[in-house]
file model.csv (CSV, C-alpha atoms and all ligand atoms)
chain,number,residue,atom,x,y,z
A,1,MET,CA,64.4,-22.5,17.3
A,2,MET,CA,67.8,-20.7,17.8
A,3,THR,CA,67.4,-17.0,18.2
A,4,ARG,CA,70.2,-15.0,16.7
A,5,LEU,CA,71.3,-11.8,18.5
A,6,LEU,CA,73.1,-9.2,16.4
A,7,ASN,CA,74.6,-5.9,17.2
A,8,PHE,CA,72.8,-3.2,15.3
A,9,GLN,CA,74.0,0.4,15.0
A,10,PRO,CA,73.1,1.4,11.5
A,11,PRO,CA,74.6,1.3,9.0
A,12,ASN,CA,75.3,-2.3,9.7
A,13,GLU,CA,74.7,-4.1,6.4
A,14,ALA,CA,75.3,-7.6,7.6
A,15,ALA,CA,72.7,-7.3,10.4
A,16,LEU,CA,70.3,-5.5,8.0
A,17,LEU,CA,70.6,-8.2,5.3
A,18,ALA,CA,70.0,-10.9,7.9
A,19,ALA,CA,66.9,-9.1,9.1
A,20,VAL,CA,65.6,-8.5,5.5
A,21,ASP,CA,66.0,-12.3,4.8
A,22,VAL,CA,64.1,-13.3,7.9
A,23,ILE,CA,61.2,-10.8,7.2
A,24,HIS,CA,60.9,-11.8,3.5
A,25,ALA,CA,60.8,-15.5,4.5
A,26,GLY,CA,57.8,-14.8,6.8
A,27,GLY,CA,59.9,-14.8,10.1
A,28,LEU,CA,60.1,-12.6,13.1
A,29,VAL,CA,62.7,-9.9,13.9
A,30,ALA,CA,62.8,-7.9,17.2
A,31,PHE,CA,64.1,-4.4,16.7
A,32,PRO,CA,64.7,-1.2,18.7
A,33,THR,CA,62.4,1.8,18.4
A,34,GLU,CA,62.5,5.1,20.3
A,35,THR,CA,59.7,3.8,22.6
A,36,VAL,CA,60.3,0.0,23.3
A,37,TYR,CA,61.6,-3.0,21.3
A,38,GLY,CA,59.1,-4.2,18.7
A,39,LEU,CA,58.5,-7.8,17.4
A,40,GLY,CA,58.3,-7.3,13.7
A,41,ALA,CA,56.8,-9.3,10.8
A,42,ASP,CA,55.7,-8.5,7.3
A,43,ALA,CA,52.3,-6.8,7.9
A,44,LEU,CA,51.0,-7.9,4.5
A,45,ASN,CA,51.8,-11.6,5.1
A,46,PRO,CA,49.0,-13.3,7.2
A,47,GLY,CA,51.1,-16.3,8.1
A,48,ALA,CA,53.9,-14.1,9.4
A,49,VAL,CA,51.5,-12.0,11.4
A,50,ARG,CA,49.9,-15.1,13.0
A,51,ARG,CA,53.4,-16.0,14.2
A,52,ILE,CA,53.6,-12.8,16.2
A,53,PHE,CA,50.5,-13.8,18.1
A,54,SER,CA,51.7,-17.3,18.8
A,55,ALA,CA,55.2,-16.1,19.9
A,56,LYS,CA,53.7,-13.6,22.3
A,57,GLY,CA,50.8,-15.7,23.4
A,58,ARG,CA,48.7,-12.7,22.4
A,59,PRO,CA,44.9,-13.0,22.2
A,60,SER,CA,43.9,-12.7,18.5
A,61,THR,CA,41.4,-10.0,19.5
A,62,ASN,CA,44.2,-7.5,20.2
A,63,PRO,CA,45.2,-5.6,17.0
A,64,LEU,CA,48.8,-4.7,16.0
A,65,ILE,CA,50.5,-1.5,15.1
A,66,VAL,CA,51.8,-1.3,11.5
A,67,HIS,CA,55.2,0.5,11.2
A,68,ILE,CA,56.1,2.3,8.0
A,69,ALA,CA,59.3,4.0,6.8
A,70,ASP,CA,57.7,7.3,5.8
A,71,VAL,CA,54.3,8.9,5.3
A,72,ILE,CA,54.2,7.9,1.6
A,73,GLN,CA,53.8,4.3,2.7
A,74,VAL,CA,50.5,5.2,4.4
A,75,LYS,CA,48.6,4.5,1.2
A,76,ARG,CA,49.7,0.9,1.2
A,77,VAL,CA,47.9,0.2,4.5
A,78,ALA,CA,45.2,2.9,4.9
A,79,ALA,CA,42.0,3.3,2.9
A,80,ALA,CA,41.7,6.9,3.9
A,81,TRP,CA,44.1,9.5,5.4
A,82,PRO,CA,42.0,12.2,7.0
A,83,GLU,CA,43.2,15.7,7.3
A,84,ALA,CA,43.7,15.2,11.0
A,85,ALA,CA,46.0,12.4,10.4
A,86,MET,CA,47.9,14.5,7.8
A,87,LYS,CA,48.4,17.3,10.3
A,88,LEU,CA,49.5,14.9,13.1
A,89,ALA,CA,52.0,13.1,10.9
A,90,ALA,CA,53.4,16.4,9.6
A,91,LYS,CA,54.0,17.5,13.2
A,92,PHE,CA,54.9,14.2,15.1
A,93,TRP,CA,56.4,11.8,12.5
A,94,PRO,CA,58.8,10.2,12.6
A,95,GLY,CA,58.1,9.7,16.3
A,96,PRO,CA,56.2,8.0,19.1
A,97,LEU,CA,52.6,8.6,17.8
A,98,THR,CA,50.3,5.9,16.5
A,99,ILE,CA,47.4,7.0,14.3
A,100,VAL,CA,44.3,4.9,13.9
A,101,VAL,CA,42.6,5.3,10.5
A,102,PRO,CA,40.4,3.2,8.1
A,103,LYS,CA,42.2,0.1,6.9
A,104,HIS,CA,43.1,-0.8,3.4
A,105,ASP,CA,41.7,-4.1,2.1
A,106,ARG,CA,45.1,-5.6,1.6
A,107,VAL,CA,45.9,-5.5,5.3
A,108,PRO,CA,45.2,-8.9,6.7
A,109,ASP,CA,42.4,-9.3,9.3
A,110,ALA,CA,44.9,-10.8,11.6
A,111,VAL,CA,46.7,-7.4,11.9
A,112,THR,CA,43.5,-5.5,12.8
A,113,ALA,CA,41.8,-8.3,14.8
A,114,GLY,CA,39.1,-8.2,12.1
A,115,GLY,CA,38.3,-4.5,12.7
A,116,PRO,CA,37.8,-1.8,10.0
A,117,THR,CA,40.7,0.4,11.2
A,118,VAL,CA,44.5,0.1,11.2
A,119,ALA,CA,47.0,1.7,13.7
A,120,VAL,CA,49.9,3.2,11.8
A,121,ARG,CA,53.2,4.6,13.1
A,122,CYS,CA,56.4,5.9,11.6
A,123,PRO,CA,59.1,5.5,14.3
A,124,SER,CA,62.0,7.9,14.7
A,125,ALA,CA,64.8,5.6,16.0
A,126,PRO,CA,67.5,5.4,13.2
A,127,ALA,CA,67.7,1.6,13.7
A,128,ALA,CA,63.9,1.2,13.1
A,129,LEU,CA,63.9,3.5,10.1
A,130,ALA,CA,66.9,1.7,8.6
A,131,LEU,CA,65.2,-1.7,9.0
A,132,LEU,CA,61.9,-0.4,7.6
A,133,THR,CA,63.6,1.2,4.6
A,134,ALA,CA,65.7,-1.9,3.9
A,135,VAL,CA,62.8,-4.4,4.1
A,136,GLY,CA,60.5,-2.3,1.9
A,137,VAL,CA,57.3,-3.7,3.4
A,138,PRO,CA,55.3,-2.3,6.4
A,139,LEU,CA,56.1,-4.2,9.6
A,140,ALA,CA,53.4,-5.2,12.1
A,141,ALA,CA,55.1,-4.9,15.5
A,142,PRO,CA,53.7,-5.1,19.0
A,143,SER,CA,56.1,-4.7,21.9
A,144,ALA,CA,58.6,-7.6,21.9
A,145,ASN,CA,57.5,-9.3,25.1
A,146,ARG,CA,55.2,-12.2,26.0
A,147,SER,CA,51.6,-11.0,26.4
A,148,GLY,CA,51.0,-9.4,29.9
A,149,GLU,CA,54.7,-8.9,30.7
A,150,LEU,CA,56.6,-5.7,30.9
A,151,SER,CA,57.6,-4.1,27.6
A,152,PRO,CA,61.3,-4.5,26.7
A,153,THR,CA,63.6,-1.5,26.5
A,154,THR,CA,66.8,-3.5,25.8
A,155,ALA,CA,67.7,-6.5,23.7
A,156,ARG,CA,68.4,-8.4,26.9
A,157,HIS,CA,64.8,-7.9,28.0
A,158,VAL,CA,63.7,-9.3,24.6
A,159,MET,CA,65.9,-12.3,24.9
A,160,LYS,CA,64.7,-13.1,28.4
A,161,SER,CA,61.1,-13.1,27.2
A,162,LEU,CA,61.2,-14.4,23.7
A,163,ALA,CA,64.4,-16.4,23.1
A,164,GLY,CA,63.5,-19.5,21.1
A,165,GLU,CA,60.4,-17.9,19.6
A,166,VAL,CA,62.0,-15.4,17.1
A,167,GLU,CA,64.6,-15.8,14.4
A,168,LEU,CA,66.5,-12.6,15.1
A,169,VAL,CA,66.9,-9.9,17.7
A,170,LEU,CA,68.7,-6.7,16.6
A,171,ASP,CA,70.5,-5.1,19.6
A,172,GLY,CA,70.5,-1.3,19.1
A,173,GLY,CA,71.1,-0.5,22.8
A,174,PRO,CA,68.5,0.9,25.2
A,175,CYS,CA,65.4,2.7,23.9
A,176,THR,CA,65.5,6.4,24.6
A,177,GLY,CA,61.8,7.0,25.2
A,178,GLY,CA,61.1,4.0,27.4
A,179,ILE,CA,57.3,3.7,27.2
A,180,GLU,CA,54.9,2.8,24.3
A,181,SER,CA,53.7,5.3,21.8
A,182,THR,CA,50.6,7.5,22.2
A,183,VAL,CA,47.7,6.0,20.3
A,184,ILE,CA,45.0,8.3,18.8
A,185,ASP,CA,42.0,7.3,16.8
A,186,VAL,CA,41.0,9.8,14.0
A,187,SER,CA,38.9,7.4,12.0
A,188,ARG,CA,35.7,9.0,13.4
A,189,MET,CA,34.2,12.4,13.8
A,190,THR,CA,35.3,12.5,17.5
A,191,TYR,CA,39.0,12.1,18.0
A,192,ARG,CA,39.9,9.7,20.8
A,193,LEU,CA,43.0,9.2,22.8
A,194,LEU,CA,43.4,5.4,23.1
A,195,ARG,CA,46.7,5.3,25.0
A,196,PRO,CA,48.6,8.1,26.6
A,197,GLY,CA,52.3,8.2,25.7
A,198,LEU,CA,55.3,10.4,25.0
A,199,VAL,CA,53.4,12.7,22.7
A,200,SER,CA,51.2,14.5,25.3
A,201,LEU,CA,47.4,15.0,25.0
A,202,GLU,CA,47.9,18.8,25.1
A,203,ALA,CA,50.4,18.6,22.2
A,204,LEU,CA,47.7,16.7,20.2
A,205,GLU,CA,45.0,19.1,21.2
A,206,ARG,CA,47.0,22.1,20.1
A,207,ILE,CA,46.9,20.6,16.6
A,208,LEU,CA,43.4,19.1,16.6
A,209,GLY,CA,41.3,20.8,19.2
A,210,PRO,CA,39.4,18.8,21.8
A,211,ILE,CA,40.1,15.1,22.0
A,212,GLU,CA,37.9,12.6,23.9
A,213,VAL,CA,39.7,10.7,26.6
A,214,PRO,CA,37.6,7.5,27.1
A,215,GLY,CA,37.2,6.6,30.8
A,216,GLY,CA,38.3,10.1,31.9
A,217,ASN,CA,41.8,11.1,32.7
A,218,ASP,CA,42.6,8.4,35.3
A,219,PHE,CA,43.1,5.5,32.9
A,220,ASP,CA,42.5,2.9,35.5
A,221,GLY,CA,39.1,1.7,34.4
A,222,GLU,CA,38.0,-0.9,31.9
A,223,ALA,CA,36.4,1.7,29.7
A,224,PHE,CA,39.1,1.7,27.0
A,225,PRO,CA,37.8,1.1,23.5
A,226,SER,CA,41.2,-0.1,22.3
A,227,PRO,CA,41.1,-3.9,22.5
A,228,GLY,CA,44.5,-4.1,24.0
A,229,MET,CA,43.9,-1.8,26.9
A,230,GLN,CA,42.7,-4.2,29.5
A,231,THR,CA,43.5,-2.8,33.0
A,232,ARG,CA,46.4,-5.0,33.9
A,233,HIS,CA,49.2,-4.7,31.3
A,234,TYR,CA,52.8,-3.8,31.4
A,235,ALA,CA,53.1,-5.6,34.7
A,236,PRO,CA,56.1,-6.9,36.6
A,237,ARG,CA,55.8,-10.2,38.5
A,238,THR,CA,56.7,-8.5,41.8
A,239,PRO,CA,53.7,-6.8,43.4
A,240,LEU,CA,53.8,-3.0,42.9
A,241,GLU,CA,52.3,-0.8,45.5
A,242,LEU,CA,51.5,2.9,44.8
A,243,PHE,CA,51.5,5.7,47.4
A,244,ALA,CA,50.1,9.3,47.2
A,245,THR,CA,52.9,10.7,49.3
A,246,HIS,CA,56.4,10.0,50.5
A,247,ALA,CA,55.1,9.9,54.1
A,248,ASP,CA,52.7,7.1,53.2
A,249,LEU,CA,55.4,5.1,51.5
A,250,ASP,CA,57.7,5.5,54.5
A,251,GLN,CA,55.0,4.3,56.8
A,252,ARG,CA,54.5,1.2,54.7
A,253,LEU,CA,58.2,0.6,54.6
A,254,ALA,CA,58.3,0.7,58.4
A,255,GLU,CA,55.5,-1.9,58.6
A,256,CYS,CA,57.3,-4.3,56.3
A,257,THR,CA,60.2,-5.3,58.4
A,258,GLY,CA,61.1,-8.9,58.0
A,259,SER,CA,60.4,-8.9,54.2
A,260,ARG,CA,62.2,-7.3,51.4
A,261,SER,CA,60.8,-4.1,49.9
A,262,ALA,CA,62.4,-2.1,47.1
A,263,VAL,CA,61.6,1.6,46.6
A,264,LEU,CA,61.5,2.9,43.0
A,265,ARG,CA,62.3,6.6,43.0
A,266,LEU,CA,61.1,8.4,39.9
A,267,PRO,CA,63.0,11.4,38.5
A,268,ASP,CA,61.3,14.8,38.6
A,269,SER,CA,60.6,15.1,34.8
A,270,PRO,CA,58.1,12.9,33.0
A,271,GLU,CA,60.5,12.3,30.2
A,272,ALA,CA,63.3,11.0,32.5
A,273,ALA,CA,60.8,8.9,34.4
A,274,SER,CA,59.5,7.3,31.2
A,275,ALA,CA,63.0,6.6,30.0
A,276,MET,CA,63.9,4.6,33.2
A,277,LEU,CA,60.5,3.1,34.2
A,278,TYR,CA,60.5,-0.3,32.5
A,279,GLU,CA,64.3,-0.7,32.8
A,280,GLU,CA,64.0,-0.2,36.6
A,281,LEU,CA,60.9,-2.5,36.9
A,282,HIS,CA,62.8,-5.2,34.9
A,283,ARG,CA,65.8,-4.8,37.3
A,284,LEU,CA,63.7,-4.9,40.5
A,285,ASP,CA,61.7,-7.8,39.2
A,286,ALA,CA,64.9,-9.8,38.7
A,287,GLY,CA,66.2,-8.8,42.1
A,288,GLY,CA,63.8,-11.1,44.0
A,289,CYS,CA,62.2,-8.6,46.4
A,290,ASP,CA,58.7,-9.1,47.9
A,291,ARG,CA,57.3,-5.8,46.7
A,292,VAL,CA,58.1,-2.6,44.9
A,293,LEU,CA,56.9,0.7,46.4
A,294,VAL,CA,56.5,3.8,44.3
A,295,VAL,CA,55.1,7.3,45.0
A,296,LEU,CA,52.6,8.0,42.2
A,297,PRO,CA,53.4,11.2,40.4
A,298,PRO,CA,50.9,14.1,40.6
A,299,ASP,CA,47.6,13.9,38.7
A,300,GLU,CA,48.8,16.5,36.2
A,301,PRO,CA,48.6,16.3,32.4
A,302,GLN,CA,52.3,15.9,31.8
A,303,TRP,CA,52.3,12.8,34.0
A,304,LEU,CA,49.3,11.1,32.3
A,305,ALA,CA,51.4,8.4,30.5
A,306,VAL,CA,53.6,7.5,33.5
A,307,ARG,CA,50.6,7.3,35.8
A,308,ASP,CA,48.8,5.2,33.3
A,309,ARG,CA,51.6,2.6,33.2
A,310,LEU,CA,52.1,2.6,36.9
A,311,LEU,CA,48.3,2.2,37.6
A,312,ARG,CA,48.2,-0.7,35.1
A,313,ALA,CA,51.3,-2.4,36.6
A,314,ALA,CA,49.9,-2.2,40.1
A,315,SER,CA,46.3,-3.3,39.3
A,316,PRO,CA,45.5,-6.9,40.5
A,317,ALA,CA,45.8,-9.6,37.8
B,1,LIG,O1,55.5,2.2,21.0
B,1,LIG,C1,54.8,1.4,20.5
B,1,LIG,O2,53.7,1.6,20.1
B,1,LIG,C2,55.4,-0.1,20.4
B,1,LIG,C3,56.5,-0.1,19.4
B,1,LIG,C4,57.0,-1.4,19.1
B,1,LIG,O3,56.1,0.6,18.2
B,1,LIG,N1,54.3,-1.0,20.0
B,1,LIG,C5,53.4,-1.4,20.9
B,1,LIG,O4,52.5,-2.3,20.4
B,1,LIG,O5,53.2,-0.9,22.0
B,1,LIG,P1,51.5,-3.1,21.3
B,1,LIG,O6,50.9,-4.2,20.4
B,1,LIG,O7,52.1,-3.5,22.5
B,1,LIG,O8,50.3,-2.1,21.6
B,1,LIG,C6,49.5,-1.7,20.5
B,1,LIG,C7,48.3,-1.0,21.1
B,1,LIG,C8,47.3,-1.9,21.7
B,1,LIG,O9,46.8,-1.3,22.9
B,1,LIG,C9,46.3,-2.2,20.7
B,1,LIG,O10,45.0,-2.6,21.2
B,1,LIG,C10,46.2,-0.8,20.0
B,1,LIG,O11,47.5,-0.4,20.0
B,1,LIG,N2,45.7,-0.9,18.6
B,1,LIG,C11,46.3,-1.5,17.6
B,1,LIG,N3,45.5,-1.4,16.5
B,1,LIG,C12,44.4,-0.8,16.8
B,1,LIG,C13,43.2,-0.3,16.1
B,1,LIG,N4,43.0,-0.6,14.8
B,1,LIG,N5,42.3,0.3,16.8
B,1,LIG,C14,42.4,0.6,18.1
B,1,LIG,N6,43.5,0.2,18.9
B,1,LIG,C15,44.5,-0.4,18.2
B,2,MG,MG,52.6,-4.4,24.4
call {"tool": "encode", "arguments": {"input": "model.csv", "output": "structure tokens", "more": "lines below"}}
Ligand code: TXA
Ligand code: MG
result
Amino acid sequence: MMTRLLNFQPPNEAALLAAVDVIHAGGLVAFPTETVYGLGADALNPGAVRRIFSAKGRPSTNPLIVHIADVIQVKRVAAAWPEAAMKLAAKFWPGPLTIVVPKHDRVPDAVTAGGPTVAVRCPSAPAALALLTAVGVPLAAPSANRSGELSPTTARHVMKSLAGEVELVLDGGPCTGGIESTVIDVSRMTYRLLRPGLVSLEALERILGPIEVPGGNDFDGEAFPSPGMQTRHYAPRTPLELFATHADLDQRLAECTGSRSAVLRLPDSPEAASAMLYEELHRLDAGGCDRVLVVLPPDEPQWLAVRDRLLRAASPA
């Protein structure tokens, strides 16, 4: 299959019309969001959803996030919308927060991996909202990379991973957030953080009160209840080595003469670090070095998501 790549700064009616045609025909469109690029298909068309899994080589046991244009569309995919979900959506949507709630019967089992819940998100990137509004159907969309690879934050990353597998890639420039959305499950009595992200745990707890963090705050165990949260994920091909201090990193660097080491220096703010993390890992991965060395940010709440992605990227395959 030939993959079309179209520039997409809305309003761009030609690109939008092309995307709508592909989605309505059961095809795949990669599109920018404020977190990472998504690989979208009509969430209510089981055949289209199955194509997402085959394009990514994704295990069918890992459920997909359903993207909607506004909170009104929730009732098309959710069987219930608990008060907690209502409060979170009012505060954080559109934006990088995914809310897990009981699923509506009309959502195909392929989307939820046969489970009773559905993960829903209303993204804030204007390009994503323009697409969702134009297609008029909810879009199931995982990150637009082959399973196990780094998530894409530019259209070029998507093309490198999935060219030939998708009909259309919309190029809306680099994603501003840079890491995947926060995922919270409010389908049960106890709220659970399933994936840390740009919406912080404290911000969620200010709205909901205490939230369970399965596996504790270190996010490096197998304890995650979310099927997609196996330890190694978001991983570059080049081995990534993490260090507690700059001195430890320098010592390793000194040991590694005769081979090529790259050092990834993270900015001081979690937001800036998130925004550059995958782009830098993609770049270093393409650069052909033998290892990438990083000082792990401090074990503090505001660094939860960046630490999570680094620990996953560095864990052995
Ligand atoms: O920022 C994002 O969330 C991006 C953009 C494209 O929106 N999407 C994304 O999708 O990261 P993906 O498929 O790479 O990650 C979805 C995560 C997985 O860990 C999956 O297991 C979890 O959400 N998930 C999806 N549905 C779920 C459900 N019903 N219950 C629990 N976890 C669920
Ligand atoms: Mg992913």
call {"tool": "residues_near_ligand", "arguments": {"input": "model.csv", "ligand": "ligand LIG 1 (chain B)", "cutoff": "8 Å", "atoms": "all atoms listed in the file", "output": "PyMOL selection string"}}
result
chain A and resi 32-39+62-65+67+96-98+100-101+103+111-113+115-121+123+141-144+151+179-183+185+194-195+225-229
call {"tool": "closest_residue", "arguments": {"input": "model.csv", "among": "A:Tyr234, A:Phe53, A:Phe243, A:Trp93", "to": "Ala125 in chain A", "atoms": "only C-alpha atoms"}}
result
A:Trp93
call {"tool": "closest_atom_pairs", "arguments": {"input": "model.csv", "of": "range 33-88 of chain A", "to": "range 9-20 of chain A", "cutoff": "12 Å", "atoms": "all atoms listed in the file", "output": "Markdown table"}}
result
| residue | atom | partner | partner_atom | distance |
| --- | --- | --- | --- | --- |
| A:Leu39 | CA | A:Ala19 | CA | 11.9 |
| A:Gly40 | CA | A:Ala19 | CA | 9.9 |
| A:Ala41 | CA | A:Ala19 | CA | 10.2 |
| A:Asp42 | CA | A:Val20 | CA | 10.1 |
call {"tool": "closest_residue", "arguments": {"input": "model.csv", "among": "A:Met86, A:Cys256, A:Leu242, A:Leu277", "to": "Ser315 in chain A", "atoms": "all atoms listed in the file"}}
result
A:Leu242
call {"tool": "residues_around", "arguments": {"input": "model.csv", "residues": "His157 in chain A", "least_positions_apart": "3", "cutoff": "10 Å", "atoms": "all atoms listed in the file", "output": "list in words"}}
result
Tyr37, Ala144, Asn145, Leu150, Ser151, Pro152, Thr153, Thr154, Lys160, Ser161, Leu162, Ala163, Pro174, Tyr278, Glu279, His282 and Arg283 of chain A
call {"tool": "atom_distance", "arguments": {"input": "model.csv", "atom1": "CA of Ala134 in chain A", "atom2": "CA of Phe8 in chain A"}}
result
13.5 Å
call {"tool": "residues_around", "arguments": {"input": "model.csv", "residues": "Asp250 in chain A", "least_positions_apart": "3", "cutoff": "12 Å", "atoms": "only C-alpha atoms", "output": "PyMOL selection string"}}
result
chain A and resi 242-247+253-257+261-263+293-295
call {"tool": "write_last_selection", "arguments": {"input": "model.csv", "atoms": "C-alpha atoms", "output": "compact mmCIF listing (two decimals), keeping the file's coordinate frame"}}
result
# COMPACT_ATOMS: atom_id res chain seq x y z
CA LEU A 242 51.50 2.90 44.80
CA PHE A 243 51.50 5.70 47.40
CA ALA A 244 50.10 9.30 47.20
CA THR A 245 52.90 10.70 49.30
CA HIS A 246 56.40 10.00 50.50
CA ALA A 247 55.10 9.90 54.10
CA LEU A 253 58.20 0.60 54.60
CA ALA A 254 58.30 0.70 58.40
CA GLU A 255 55.50 -1.90 58.60
CA CYS A 256 57.30 -4.30 56.30
CA THR A 257 60.20 -5.30 58.40
CA SER A 261 60.80 -4.10 49.90
CA ALA A 262 62.40 -2.10 47.10
CA VAL A 263 61.60 1.60 46.60
CA LEU A 293 56.90 0.70 46.40
CA VAL A 294 56.50 3.80 44.30
CA VAL A 295 55.10 7.30 45.00
call {"tool": "closest_residue", "arguments": {"input": "model.csv", "among": "A:Gly173, A:Pro297, A:Pro46, A:Pro59", "to": "ligand MG 2 (chain B)", "atoms": "all atoms listed in the file"}}
result
A:Pro59
call {"tool": "atom_distance", "arguments": {"input": "model.csv", "atom1": "CA of Arg312 in chain A", "atom2": "CA of Ser259 in chain A"}}
result
24.1 Å
call {"tool": "axis_aligned_box", "arguments": {"input": "model.csv", "around": "range 151-165 of chain A", "padding_each_side": "3 Å", "output": "lines of an AutoDock Vina configuration file"}}
result
center_x = 63.0
center_y = -10.5
center_z = 24.0
size_x = 16.8
size_y = 24.0
size_z = 14.8
call {"tool": "build_atoms", "arguments": {"input": "model.csv", "residues": "range 245-261 of chain A", "atoms": "N, CA and C atoms", "output": "CSV table (one decimal), keeping the file's coordinate frame"}}
result
chain,number,residue,atom,x,y,z
A,245,THR,N,51.9,9.9,48.8
A,245,THR,CA,52.9,10.7,49.3
A,245,THR,C,54.1,9.9,49.8
A,246,HIS,N,55.2,10.6,50.0
A,246,HIS,CA,56.4,10.0,50.5
A,246,HIS,C,56.2,9.5,51.9
A,247,ALA,N,55.4,10.3,52.7
A,247,ALA,CA,55.1,9.9,54.1
A,247,ALA,C,54.4,8.5,54.1
A,248,ASP,N,53.4,8.4,53.2
A,248,ASP,CA,52.7,7.1,53.2
A,248,ASP,C,53.6,5.9,52.8
A,249,LEU,N,54.5,6.2,51.9
A,249,LEU,CA,55.4,5.1,51.5
A,249,LEU,C,56.3,4.8,52.7
A,250,ASP,N,56.8,5.8,53.3
A,250,ASP,CA,57.7,5.5,54.5
A,250,ASP,C,57.0,4.7,55.6
A,251,GLN,N,55.8,5.0,55.8
A,251,GLN,CA,55.0,4.3,56.8
A,251,GLN,C,54.9,2.8,56.4
A,252,ARG,N,54.6,2.5,55.2
A,252,ARG,CA,54.5,1.2,54.7
A,252,ARG,C,55.8,0.4,54.8
A,253,LEU,N,56.9,1.2,54.5
A,253,LEU,CA,58.2,0.6,54.6
A,253,LEU,C,58.5,0.2,56.0
A,254,ALA,N,58.1,1.0,56.9
A,254,ALA,CA,58.3,0.7,58.4
A,254,ALA,C,57.5,-0.5,58.8
A,255,GLU,N,56.3,-0.7,58.2
A,255,GLU,CA,55.5,-1.9,58.6
A,255,GLU,C,56.1,-3.2,58.1
A,256,CYS,N,56.9,-3.1,57.0
A,256,CYS,CA,57.3,-4.3,56.3
A,256,CYS,C,58.6,-4.8,56.7
A,257,THR,N,59.0,-4.7,57.9
A,257,THR,CA,60.2,-5.3,58.4
A,257,THR,C,60.1,-6.8,58.3
A,258,GLY,N,61.2,-7.5,58.0
A,258,GLY,CA,61.1,-8.9,58.0
A,258,GLY,C,60.8,-9.4,56.5
A,259,SER,N,60.5,-8.5,55.6
A,259,SER,CA,60.4,-8.9,54.2
A,259,SER,C,61.1,-7.9,53.4
A,260,ARG,N,61.4,-8.2,52.2
A,260,ARG,CA,62.2,-7.3,51.4
A,260,ARG,C,61.4,-6.3,50.5
A,261,SER,N,61.5,-5.0,50.7
A,261,SER,CA,60.8,-4.1,49.9
A,261,SER,C,61.8,-3.3,49.1
